[in-house]
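Asks: I am attaching a structure below and will ask some questions about it afterwards.
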Number of protein chains: 2
Amino acid sequence: MGRWEPDARGRMVTAALDLFAERGFDATTAGDIAARAGVTERTFFRHFSDKREVLFDGSSTMQDLVIASVDGAAPGVQPIDVVVSAFASTAEFFDGRAEFAIRRSAVIAASGSLRERELRKLDDLAAAIAEHLVARGIDGAAASLIAEIGVGIFTVAFAQWVSDGATRSLGAYVTAGLSELKAQMACADGHLAT
Amino acid sequence: MGRWEPDARGRMVTAALDLFAERGFDATTAGDIAARAGVTERTFFRHFSDKREVLFDGSSTMQDLVIASVDGAAPGVQPIDVVVSAFASTAEFFDGRAEFAIRRSAVIAASGSLRERELRKLDDLAAAIAEHLVARGIDGAAASLIAEIGVGIFTVAFAQWVSDGATRSLGAYVTAGLSELKAQMACADGHLAT
DNA sequence: TGTGCGATGTCAGTCGCTGACATCACTGTA
DNA sequence: TACAGTGATGTCAGCGACTGACATCGCACA
């Protein structure tokens, strides 16, 4: 896939993250990103379907990890544990990219437009999880609910992980979230609630 | 606030929903909506911050209902029950607008762009709920988690309510969702799971 | 009758995004 | 070595979303 200068795509991702952090998403033009990456605006849009997508280039990797974990779960495991374990399995991926993830997270949080795109990715992920839970024999409505709960736990866990500067593993926050939820539901489990 | 012809805003909402249903969101221009409503494109953008927002004109009403219910909950009630009851309290509002809600829901589901906006509104709602749970003395992390769970339950409940043609009250789906969740968490509660 | 004000219309312009077409760098083949 | 094929890139024209600036209209109130 070599071309003029190699890794045009990677240069665009870096340029975009830098520019969004410097000037903000709205004040950054697609042409600005392309120029800093040494390509044309048209080329930018050939690589990314829209201006936001440049920050979500690796999001399918996470989805693949989660889905693979769901599909690989042993039979008989409680569905909620299947999903939470699936999210916990992404910890290694994120722990190794903590610095990038934190910068990216700050940029996304600062833009309503980018937040919308992130929420959509999470919703797509929830739909995929539900689908694969159904394939495990779980009722459709229950599958959708469990998938949503899993995404909710992950979202809160991720925010805390970022907020704490990624000092502990993301996995710890995910499993703590499940314990917290069980406590809140007045289950016979650990008590972490306030 | 009467002007030339009264209720320009309402006319634009109706025109937009009709056009989106007929041609789809992407194939409808802001100018098309404005023309059918008898105003100018510029006027459309004075009433709505962007093309999508025309379908979310009443979304603050729902948020107000939920937040008021959270604030009005008796002290000592379990946080998860506070939130689920808050969502259940919107049932009357939606039951009375079932036809509109169903049409609107179909239009939104057909457009990725509109789905993103809806997800953002729900996320804003979750953030507001969490904030008001904190005001009730609940720990921040737990508040965020419970708010996310509440939104997840509501989302699934709403989808089922629409899917069933609004034959039963939305409230029934919301409370059933909570029972289902408790069952999934292996709590001492009703068993609705598969 | 006239004056103030808020809602609307008009116009020009930027930016996101796309289709169509030419061009460039590299690859394989004769 | 020369040449054709292929995929990524550059160029250009154009639509639609959105915005700022300014003129105008209709109503209320003195």
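Labels for the structure tokens follow display order: chains A, B, ..., residues from 1 in each chain, ligands from 1.
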Please provide as a PyMOL selection string all residues within 12 Å of B:Pro79, with the sequence filter that same-chain residues fewer than 2 positions apart are discarded (counting only C-alpha atoms (C1' of nucleotides)).
Replies: (chain A and resi 181+183-186+193-194) or (chain B and resi 70-71+73-77+81-86+129-130+132-139+142-147+149-150)
Asks: Could I get the residues of chain B with an atom no further than 12 Å from an atom of chain C, each paired with its nearest atom pair and that distance in Å to one decimal, using only C-alpha atoms (C1' of nucleotides), sorted by chain and residue number, as CSV?
Replies:
```
residue,atom,partner,partner_atom,distance
B:Met1,CA,C:DG6,C1',8.7
B:Gly2,CA,C:DA7,C1',9.2
B:Arg3,CA,C:DA7,C1',6.9
B:Trp4,CA,C:DA7,C1',8.8
B:Glu5,CA,C:DA7,C1',11.2
B:Pro6,CA,C:DA7,C1',11.4
B:Asp7,CA,C:DA7,C1',12.0
B:Ala8,CA,C:DA7,C1',10.5
B:Arg9,CA,C:DA7,C1',11.9
B:Gly38,CA,C:DT8,C1',11.4
B:Val39,CA,C:DT8,C1',8.3
B:Thr40,CA,C:DG9,C1',7.3
B:Glu41,CA,C:DG9,C1',9.7
B:Arg42,CA,C:DG9,C1',8.2
B:Thr43,CA,C:DT8,C1',6.8
B:Phe44,CA,C:DT8,C1',10.4
B:Phe45,CA,C:DT8,C1',11.8
B:Arg46,CA,C:DA7,C1',9.7
B:His47,CA,C:DA7,C1',10.5
```
Asks: Chain D residues within 10 Å of chain B, counting only C-alpha atoms (C1' of nucleotides): which ones, as a list in words?
Replies: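 Matching residues, ligands excluded from the count: DG16, DA17, DC18, DT19, DC25, DG26 and DC27 of chain D.
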Asks: For stretch 107-123 of chain B, list every protein, DNA or RNA residue within 6 Å, evaluated using only C-alpha atoms (C1' of nucleotides), and leave out those in the same chain fewer than 4 positions away; present the list as a list in words.
Replies: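 What passes the distance filter is Glu116 and Arg120 of chain A; Ala21 of chain B.
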Asks: Tell me, which residues of chain B carry DSSP alpha helix (DSSP H), written as number ranges by chain?
Replies: B: 8-23, 30-37, 41-47, 59-72, 79-88, 91-95, 98-109, 112-135, 140-163, 170-184
Asks: Point out the residue among B:Gly171, B:Gly140, B:Gly165, B:Gly10 with the least atom-to-atom distance to chain A, counting only C-alpha atoms.
Replies: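 Using only C-alpha atoms, the shortest distance to chain A belongs to B:Gly140.
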